[in-house]
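Peer 1: Could you have a look at this structure, given as structure tokens, before my questions?
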Amino acid sequence: MAERVGFIGLGAIGRPIAKHVAGRFETVVWNRTAARALEFAQATGVRVADSPGALVKQVDVVITCLPTSREVWGVADAAGGAWRAGQLLIDATSGDPFTSRELAKRLGASKVGFVDAPVSGGVAGAEAGKLTVMVGGDETWVARARPIIEAYAVKIVHVGAVGTGHATKAVNNALLAVNLLAAGEGLAALAKMGVPAARALEVINASSGRSNVTENLVPQRVVTRAWARTFRLALLNKDLDIAADLLRDAEVPHETIGLAWRLFAEGRKALGEEADHVEIIKLIEKQAGVEIR
Ligand code: NDP
């Protein structure tokens with residue numbers, strides 16, 4: 001019998017993911033701001049639950065896509081006695097591995113499964129149904145989650161036990177943050193030397209310094225001055241928090257990622273909760289007194 005899926009968190013990336021899920025599975029949604037859930041239901045024909053508990057009662061599998069593991073814990077807790085044996089929670093949040101292990105244990109006591117399955121590929125990747133998903137959890141639960149994740153992903157990698165999906169995502173995003181800072185600083189220096197960004201990028205993107213930042217983010221958002229808002233800087237700051245904790249816990253050097261964490265924490269204070277992650281480059285431009293064009 002086909003799974004009935006409940007989706008919690010219709011934010012910037014949750015909404016396009018939920019749309020793909022709703023295209024393949026009978027779906028029920030809940031969102032903290034009810035208007036967003038109602039608008040989504042009108043557009044897709046899904047049902048809206050009036051609380052996390054009401055949603056859990058109506059489905060076999062629940063997907064959460066919330067800012068942090070704290071909110072995931074909050075909704076799982078709010079659903080309380082509604083959970084029943086055999087259900088599965090797929091957490092698509094870029095969450096914290098330590099909280100996820102605790103939550104998995106807690107749900108496991110009621111024979112409810114848990115997999116951490118954060119996503120990569122941005123809002124554009126989510127809209128196209130072409131995300132990369134890194135999954136942590138027991139093999140049986142991961143196998144159960146896979147056909148549902150396939151609704152919005154083209155690459156699904158089972159990386160290890162519960163928490164390792166979230167750990168892998170935090171490390172990936174720490175690399176994104178470091179690349180943003182380094183590209184911003186380097187391109188600002190070249191701009192001051194009279195090298196147009198397009199020329200600098202033509203070289204870098206055919207050379208060993210290229211990354212998603214130089215291939216996509218800088219040309220599409222910085223050089224054009226479009227500064228699209230798709231992934232909040234505050235959320236990348238949260239990912240760096242998780243990565244820094246992880247590295248400290250593993251007792252490995254964390255000078256570079258620690259510095260990126262500090263610069264993004266300062267950027268969050270300066271630019272606010274709604275700024276996009278790429279806007280960190282605005283601060284570098286301001287300090288350098290130059291625009292990357
Ligand atoms: P948004 O801030 O756009 O959306 C957050 C969602 O969580 C909204 O539906 C919001 O509801 C809900 N929410 C916030 N606080 C609570 C709460 N206390 N209780 C219940 N619901 C709550 O975030 P994104 O969609 O961008 O990100 C979601 C997750 O995906 C994050 O972990 C992020 O790091 C990750 N991610 C995001 C990417 C992106 O490109 N945006 C890319 C890859 C991963 P409401 O409508 O009421 O505000």
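How things are named: the first chain in the structure tokens is A, the next is B, and so on; residues count from 1 in each chain; ligands count from 1 in the order shown.
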Using only C-alpha atoms and all ligand atoms, find each residue of chain A with at least one atom at most 7 Å away from an atom of ligand 1; report its shortest atom-to-atom pair and that distance in Å (one decimal), sort the rows by chain and rising residue number, and return the result as a tab-separated table.

Peer 2:
residue	atom	partner	partner_atom_place_in_ligand_line	distance
A:Gly9	CA	ligand 1	9 (O)	3.6
A:Leu10	CA	ligand 1	9 (O)	3.9
A:Gly11	CA	ligand 1	4 (O)	3.3
A:Ala12	CA	ligand 1	25 (O)	3.8
A:Ile13	CA	ligand 1	25 (O)	3.9
A:Gly14	CA	ligand 1	25 (O)	4.9
A:Asn31	CA	ligand 1	9 (O)	5.6
A:Arg32	CA	ligand 1	47 (O)	3.9
A:Thr33	CA	ligand 1	47 (O)	3.7
A:Arg36	CA	ligand 1	46 (O)	6.1
A:Cys65	CA	ligand 1	28 (C)	5.1
A:Leu66	CA	ligand 1	7 (O)	3.9
A:Pro67	CA	ligand 1	32 (O)	4.0
A:Thr68	CA	ligand 1	32 (O)	5.1
A:Glu71	CA	ligand 1	18 (N)	4.9
A:Gly74	CA	ligand 1	19 (N)	6.8
A:Val75	CA	ligand 1	20 (C)	6.5
A:Ala92	CA	ligand 1	30 (O)	6.6
A:Thr93	CA	ligand 1	32 (O)	4.0
A:Ser94	CA	ligand 1	32 (O)	3.9
A:Gly95	CA	ligand 1	32 (O)	6.0
A:Pro118	CA	ligand 1	44 (C)	6.6
A:Val119	CA	ligand 1	43 (C)	5.3
A:Ser120	CA	ligand 1	43 (C)	4.9
A:Gly121	CA	ligand 1	42 (C)	6.3
A:Gly122	CA	ligand 1	40 (O)	3.8
A:Val123	CA	ligand 1	40 (O)	4.7
A:Thr230	CA	ligand 1	41 (N)	5.2
A:Phe231	CA	ligand 1	41 (N)	3.7
A:Arg232	CA	ligand 1	26 (O)	6.4
A:Leu235	CA	ligand 1	34 (O)	4.8
A:Leu236	CA	ligand 1	34 (O)	6.4
A:Asp239	CA	ligand 1	34 (O)	6.8

Peer 1: Could you make a table, as a tab-separated table, of the residues of region 214-264 of chain A that have an atom within 10 Å of an atom of region 147-171 of chain A, each with its nearest atom pair and distance in Å to one decimal, counting only C-alpha atoms, in chain and number order?

Peer 2:
residue	atom	partner	partner_atom	distance
A:Leu236	CA	A:Ala170	CA	9.0
A:Lys238	CA	A:Ala170	CA	9.0
A:Asp239	CA	A:Ala170	CA	5.3
A:Leu240	CA	A:Ala170	CA	6.7
A:Asp241	CA	A:Ala170	CA	8.6
A:Ile242	CA	A:Ala170	CA	6.2
A:Ala243	CA	A:Ala170	CA	5.0
A:Ala244	CA	A:Ala170	CA	8.8
A:Asp245	CA	A:Ala170	CA	9.9
A:Leu246	CA	A:Ala167	CA	7.3
A:Leu247	CA	A:Val171	CA	9.2
A:Ile257	CA	A:Val171	CA	9.1

Peer 1: Could you pull the residues within 12 Å of Ala260 (chain A), counting only C-alpha atoms, minus those fewer than 2 positions along the same chain, as number ranges by chain?

Peer 2: A: 173-182, 236-241, 243-244, 254-258, 262-267, 280

Peer 1: Those same residues, written as a tab-separated table (two decimals), in the first residue's frame with C-alpha atoms?

Peer 2:
chain	number	residue	atom	x	y	z
A	173	ASN	CA	28.16	23.91	4.26
A	174	ALA	CA	31.31	24.84	6.15
A	175	LEU	CA	33.15	24.40	2.83
A	176	LEU	CA	30.55	26.64	1.14
A	177	ALA	CA	31.12	29.33	3.80
A	178	VAL	CA	34.92	29.18	3.47
A	179	ASN	CA	34.64	29.37	-0.34
A	180	LEU	CA	32.33	32.42	-0.12
A	181	LEU	CA	34.75	34.30	2.13
A	182	ALA	CA	37.86	33.39	0.13
A	236	LEU	CA	24.48	29.06	7.20
A	237	ASN	CA	25.69	30.55	10.49
A	238	LYS	CA	23.73	27.76	12.23
A	239	ASP	CA	25.41	25.16	9.96
A	240	LEU	CA	28.83	26.56	10.94
A	241	ASP	CA	27.84	26.28	14.61
A	243	ALA	CA	30.32	22.04	12.06
A	244	ALA	CA	32.47	23.79	14.68
A	254	HIS	CA	39.28	23.74	13.37
A	255	GLU	CA	41.08	27.06	12.81
A	256	THR	CA	39.67	27.67	9.31
A	257	ILE	CA	36.10	26.61	10.00
A	258	GLY	CA	36.25	28.37	13.40
A	262	ARG	CA	33.11	33.91	13.67
A	263	LEU	CA	32.89	35.94	10.44
A	264	PHE	CA	29.41	34.61	9.64
A	265	ALA	CA	28.24	35.26	13.22
A	266	GLU	CA	29.40	38.89	12.82
A	267	GLY	CA	27.78	39.02	9.36
A	280	ILE	CA	28.46	38.18	3.31

Peer 1: Pick out the residues sitting within 10 Å of Ala288 (chain A), and hand them over as an MDAnalysis selection string; count only C-alpha atoms, and ignore anything fewer than 6 positions along from it in its own chain.

Peer 2: chainID A and resid 185 188:189 191:192 282

Peer 1: From a DSSP calculation on the backbone, collect every residue of region 122-208 of chain A in strand (DSSP E or B) and output the set as a list in words.

Peer 2: Leu131, Thr132, Val133, Met134, Val135, Gly136, Ala153, Val154, Lys155, Ile156, Val157, His158, Val159 and Gly160 of chain A

Peer 1: Excluding Ala79 (chain A) and residues on its chain fewer than 3 positions from it, collect all residues at most 8 Å away from it, counting only C-alpha atoms, and give them as a VMD selection string.

Peer 2: chain A and resid 51 to 54 56 75 to 76 82 to 83

Peer 1: Might you pull out every residue within 9 Å of Gly272 (chain A), with only C-alpha atoms counted and same-chain residues fewer than 4 positions away left off, and present them as an MDAnalysis selection string?

Peer 2: chainID A and resid 233:234 267:268

Peer 1: Would you give me, as a PyMOL selection string, the residues in region 62-236 of chain A that DSSP reads as helix (DSSP H, G or I)?

Peer 2: chain A and resi 69-82+97-108+122-128+139-149+164-192+197-204+212-222+233-236

Peer 1: Using only C-alpha atoms, which protein or nucleic acid residues come within 8 Å of Pro196 (chain A)? Drop anything in the same chain fewer than 5 positions from it, and give the result as a CSV table (one decimal) with all heavy atoms, in the first residue's frame.

Peer 2:
chain,number,residue,atom,x,y,z
A,190,LEU,N,41.3,41.6,-6.8
A,190,LEU,CA,41.5,41.7,-8.2
A,190,LEU,C,40.8,42.9,-8.8
A,190,LEU,O,41.3,43.6,-9.7
A,190,LEU,CB,41.1,40.4,-8.9
A,190,LEU,CG,42.0,39.2,-8.6
A,190,LEU,CD1,41.4,37.9,-9.2
A,190,LEU,CD2,43.4,39.4,-9.1
A,191,ALA,N,39.5,43.2,-8.3
A,191,ALA,CA,38.8,44.4,-8.8
A,191,ALA,C,39.6,45.6,-8.5
A,191,ALA,O,39.6,46.5,-9.4
A,191,ALA,CB,37.4,44.4,-8.0
A,292,ILE,N,32.5,44.1,-6.7
A,292,ILE,CA,32.9,43.0,-7.6
A,292,ILE,C,32.0,43.0,-8.8
A,292,ILE,O,30.9,42.5,-8.7
A,292,ILE,CB,33.0,41.6,-6.8
A,292,ILE,CG1,34.0,41.7,-5.7
A,292,ILE,CG2,33.3,40.5,-7.8
A,292,ILE,CD1,33.8,40.6,-4.6
A,293,ARG,N,32.5,43.5,-9.9
A,293,ARG,CA,31.6,43.6,-11.1
A,293,ARG,C,32.3,43.1,-12.3
A,293,ARG,O,33.5,43.1,-12.4
A,293,ARG,CB,31.2,45.0,-11.4
A,293,ARG,CG,30.2,45.6,-10.4
A,293,ARG,CD,29.9,47.0,-10.8
A,293,ARG,NE,29.0,47.7,-9.9
A,293,ARG,CZ,27.7,47.7,-10.1
A,293,ARG,NH1,27.1,47.1,-11.1
A,293,ARG,NH2,26.9,48.4,-9.3

Peer 1: Which residue is closest to Val59 (chain A)? Choose from A:Phe25, A:Trp73, A:Trp141, A:Trp227 and count only C-alpha atoms.

Peer 2: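 When distances to Val59 (chain A) are compared using only C-alpha atoms, the smallest one comes from A:Phe25.
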
Peer 1: Using CA of Ile8 (chain A) and CA of Ala34 (chain A) as the two end points, give the distance in Å to one decimal.

Peer 2: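 Computing the Euclidean distance for CA of Ile8 (chain A) and CA of Ala34 (chain A) yields 11.3 Å.
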
Peer 1: So the first atom is CA of Leu107 (chain A) and the second is CA of Val72 (chain A); what is the distance between them in Å, to one decimal place?

Peer 2: 12.3 Å
